[in-house]
Amino acid sequence: MTETVLLVGGGGREHAIARALAESDCDLYACAGNRNPGIARVAVGFESLDTTDTDAVVDYAEAVEATLAVIGPETPLAAGVVDALEDVGVYAFGPKQAEARIETDKRFQREFMADHDIPGCPDFATFTDPDEAAAYIDDYDGDLAVKPTGLTGGKGVRVTGDQITKAEAKEYVRESDYDEFVLEERLVGEEFTVQAFVANGEVRVTPAVQDHKRAYEGDEGPNTGGMGSYSDAIPQLPFMNEADYRDAVRIIEAVVDALDGYRGVLYGQFMLGADGPKVVEFNARFGDPEAMNTLPVLETDFLDVLTAARDGERLPDLEFAERATVCKYAVPAGYPTDPEAGAPVTVDEESVADVDAPGEAQLFYASVDARDDGVYTTTSRSFAVVGLGDTIVDAEETAEAALALAGEAGLRVRHDIGKPDLVQSRIDHIDELRGN
């Protein structure tokens, strides 16, 4: 039987999912608040709707007679889209609303880790009273990560001793609109992520990726949803060893063991320090941009993972091409603090596909809006180019060559992502922390 798959979401992560499914034996439909031209091109049908409107998503799933669904972003998960689809008999690869709290509620996340003795949990405290939070900031002997408990699109965390002072942290908790904060010890080291396919109590992990959250080159500026990322041709990154990767995988497995019934993608974001990895956070879906590093090198049919999950079967072992990847986002002028929406985006996709470089390149549209007269920016990231190569150097050179061909007019890119000096600085940082 040919599966009919509904993809929920319209960003770069979802374009990567759509491209993976386009190579499978399925009919792909998609729905999102924006019309992503890359997804629309490979989908049989595309419906514009609010993906947090569970009734609208269910109505579309029933209209296309979906046999499977894949949920891309976190906001539909928080709204209970998976629960609503299951109520009408459509299996959705993503956690239900209760299990998605591992991402959507940072207080739940930390208390869950503490209650179940999950390794890698930092010291933390939670507050609903801003004055009590401010007093804790004053009294704490060290720096803190100040996190609103709910979803903030990757832009809500403030870190004392890095981004802000303690005085600014107190002002943040007192004057922001957030109702509750988690205050955690500041973790020092190098961040990395490991994403895992999870279903039926089984875990299948993917290569580690390092995302770059800061807006500007040299890791300067405010946090963003992610300006780009890179992975190596082996599971771990150059600043990691095999034991570091195994420790991160064990933490993910411990979460799955304790979080009964979890299904979908579990994304662990870790800080690698002198004593191994600690957990920065968990996400209940693919990362964006990390999906664009992972799915292009996945050689296992993604549809086989979905059908095995639905049918209660053993998940297939994952095979990955031994290729490094470098992803770089092009974002609107002013992103992330004052992004310019409605500006035209012109992309030369054919030239990207035919790039003359050490490796191959792929382009993924993100939060753009395709209209009758062209493609336009929204207030979020516009498109990403991913270079694939035998080494990170080759992948980065390919990504840069492809970006030059794609066209960056009116957009901004962090060109330093994946470059040898930045990668070496990560290695040197870990060596220094470990006393090597």
# chains A, B, ... in the order shown; residues from 1 in each chain; ligands from 1
>>> residues_around(residues="Asn34 of chain A", least_positions_apart="2", cutoff="10 Å", atoms="only C-alpha atoms", output="list in words")
Gly9, Gly10, Gly11, Cys31, Ala32, Asn36, Pro37, Glu47, Ser48, Leu49, Asp50, Ala366, Ser367, Val368, Asp369, Ala370, Arg371 and Thr378 of chain A
>>> atom_distance(atom1="atom CA of Glu74 of chain A", atom2="atom CA of Asp416 of chain A")
28.2 Å
>>> closest_residue(among="A:Tyr365, A:Tyr267, A:Phe239, A:Tyr136", to="Ala330 of chain A", atoms="only C-alpha atoms")
A:Tyr365
>>> residues_around(residues="Thr165 of chain A", least_positions_apart="2", cutoff="12 Å", atoms="only C-alpha atoms", output="JSON, numbers by chain")
{"A": [137, 138, 142, 143, 144, 145, 146, 158, 159, 160, 161, 162, 163, 167, 168, 169, 170, 171, 172]}
>>> residues_around(residues="Glu190 of chain A", least_positions_apart="3", cutoff="7 Å", atoms="only C-alpha atoms", output="count of residues only")
4
>>> atom_distance(atom1="atom CA of Phe286 of chain A", atom2="atom CA of Arg13 of chain A")
7.1 Å
>>> residues_around(residues="Gly228 of chain A", least_positions_apart="4", cutoff="6 Å", atoms="only C-alpha atoms", output="ChimeraX atom specification")
/A:211-212,327-329
>>> write_last_selection(atoms="N, CA and C atoms", output="PDB file, in the first residue's frame")
ATOM      1  N   ASP A 211      25.306  23.488  16.537  1.00  0.00           N
ATOM      2  CA  ASP A 211      24.535  24.641  16.073  1.00  0.00           C
ATOM      3  C   ASP A 211      25.244  25.926  16.503  1.00  0.00           C
ATOM      4  N   HIS A 212      24.942  27.015  15.823  1.00  0.00           N
ATOM      5  CA  HIS A 212      25.498  28.327  16.159  1.00  0.00           C
ATOM      6  C   HIS A 212      24.329  29.282  16.357  1.00  0.00           C
ATOM      7  N   CYS A 327      25.922  23.698   7.250  1.00  0.00           N
ATOM      8  CA  CYS A 327      24.683  24.401   6.928  1.00  0.00           C
ATOM      9  C   CYS A 327      24.841  25.874   7.304  1.00  0.00           C
ATOM     10  N   LYS A 328      24.469  26.764   6.379  1.00  0.00           N
ATOM     11  CA  LYS A 328      24.520  28.204   6.649  1.00  0.00           C
ATOM     12  C   LYS A 328      23.188  28.825   6.236  1.00  0.00           C
ATOM     13  N   TYR A 329      22.607  29.587   7.152  1.00  0.00           N
ATOM     14  CA  TYR A 329      21.320  30.231   6.915  1.00  0.00           C
ATOM     15  C   TYR A 329      21.509  31.643   6.352  1.00  0.00           C
TER      16      TYR A 329
END
>>> residues_around(residues="Ala402 of chain A", least_positions_apart="2", cutoff="10 Å", atoms="only C-alpha atoms", output="compact mmCIF listing (two decimals) with C-alpha atoms, in the first residue's frame")
# COMPACT_ATOMS: atom_id res chain seq x y z
CA ASP A 348 19.14 30.50 -8.20
CA GLU A 349 18.40 26.89 -7.22
CA SER A 351 23.16 26.83 -9.95
CA VAL A 352 23.29 25.57 -6.35
CA ALA A 353 22.59 22.01 -7.50
CA ASP A 354 25.36 22.26 -10.13
CA VAL A 355 27.94 23.98 -7.92
CA ASP A 356 31.57 23.50 -8.92
CA ALA A 357 33.02 22.64 -5.51
CA GLU A 360 27.55 18.63 -3.30
CA ALA A 361 25.10 21.27 -2.14
CA GLN A 362 21.42 21.35 -1.25
CA LEU A 363 19.17 24.34 -0.69
CA VAL A 385 22.41 26.05 1.99
CA VAL A 386 24.04 22.78 3.05
CA GLY A 387 27.38 21.65 1.72
CA GLU A 396 32.27 24.42 4.19
CA GLU A 397 33.89 25.37 0.89
CA THR A 398 30.94 23.83 -0.94
CA ALA A 399 28.40 25.69 1.20
CA GLU A 400 30.19 29.00 0.55
CA ALA A 404 27.48 32.75 -3.75
CA LEU A 405 25.46 31.15 -6.52
CA ALA A 406 22.16 31.16 -4.63
CA GLY A 407 22.31 34.90 -4.08
>>> residues_around(residues="Thr54 of chain A", least_positions_apart="2", cutoff="8 Å", atoms="only C-alpha atoms", output="number ranges by chain")
A: 51-52, 56-58, 76, 79-81, 84
>>> write_last_selection(atoms="C-alpha atoms", output="PDB file, in the first residue's frame")
ATOM      1  CA  THR A  51      -0.708  24.444  12.534  1.00  0.00           C
ATOM      2  CA  THR A  52      -1.650  25.024  16.188  1.00  0.00           C
ATOM      3  CA  ALA A  56      -7.880  22.524  11.016  1.00  0.00           C
ATOM      4  CA  VAL A  57      -4.988  20.043  10.916  1.00  0.00           C
ATOM      5  CA  VAL A  58      -7.326  17.111  11.587  1.00  0.00           C
ATOM      6  CA  PRO A  76       1.766  22.065  17.146  1.00  0.00           C
ATOM      7  CA  ALA A  79      -1.087  22.444  21.100  1.00  0.00           C
ATOM      8  CA  GLY A  80      -1.836  18.693  21.126  1.00  0.00           C
ATOM      9  CA  VAL A  81      -1.926  18.052  17.378  1.00  0.00           C
ATOM     10  CA  ALA A  84      -6.018  15.136  18.006  1.00  0.00           C
TER      11      ALA A  84
END
>>> decode(residues="segment 384-402 of chain A", atoms="N, CA and C atoms", output="compact mmCIF listing (two decimals), in the first residue's frame")
# COMPACT_ATOMS: atom_id res chain seq x y z
N ALA A 384 18.40 28.07 3.72
CA ALA A 384 19.69 27.53 4.14
C ALA A 384 20.34 26.79 2.97
N VAL A 385 21.64 26.85 2.93
CA VAL A 385 22.41 26.05 1.99
C VAL A 385 23.27 25.08 2.79
N VAL A 386 23.26 23.83 2.39
CA VAL A 386 24.04 22.78 3.05
C VAL A 386 25.07 22.24 2.08
N GLY A 387 26.33 22.29 2.49
CA GLY A 387 27.38 21.65 1.72
C GLY A 387 27.70 20.30 2.31
N LEU A 388 27.89 19.31 1.45
CA LEU A 388 28.28 17.96 1.86
C LEU A 388 29.64 17.65 1.26
N GLY A 389 30.53 17.06 2.07
CA GLY A 389 31.86 16.75 1.57
C GLY A 389 32.52 15.65 2.38
N ASP A 390 33.67 15.22 1.92
CA ASP A 390 34.40 14.17 2.64
C ASP A 390 34.90 14.68 3.98
N THR A 391 35.16 15.97 4.07
CA THR A 391 35.64 16.59 5.31
C THR A 391 34.81 17.84 5.59
N ILE A 392 34.94 18.36 6.81
CA ILE A 392 34.26 19.60 7.14
C ILE A 392 34.79 20.73 6.26
N VAL A 393 36.09 20.73 5.97
CA VAL A 393 36.67 21.75 5.10
C VAL A 393 36.00 21.72 3.73
N ASP A 394 35.87 20.55 3.14
CA ASP A 394 35.22 20.43 1.83
C ASP A 394 33.76 20.86 1.89
N ALA A 395 33.07 20.46 2.95
CA ALA A 395 31.65 20.81 3.08
C ALA A 395 31.48 22.32 3.23
N GLU A 396 32.36 22.97 3.99
CA GLU A 396 32.27 24.42 4.19
C GLU A 396 32.57 25.15 2.88
N GLU A 397 33.58 24.74 2.17
CA GLU A 397 33.89 25.37 0.89
C GLU A 397 32.73 25.22 -0.09
N THR A 398 32.09 24.07 -0.06
CA THR A 398 30.94 23.83 -0.94
C THR A 398 29.76 24.72 -0.55
N ALA A 399 29.50 24.83 0.75
CA ALA A 399 28.40 25.69 1.20
C ALA A 399 28.64 27.14 0.79
N GLU A 400 29.88 27.62 0.93
CA GLU A 400 30.19 29.00 0.55
C GLU A 400 30.01 29.21 -0.95
N ALA A 401 30.48 28.26 -1.74
CA ALA A 401 30.33 28.39 -3.19
C ALA A 401 28.86 28.38 -3.59
N ALA A 402 28.08 27.53 -2.93
CA ALA A 402 26.66 27.45 -3.24
C ALA A 402 25.92 28.72 -2.82
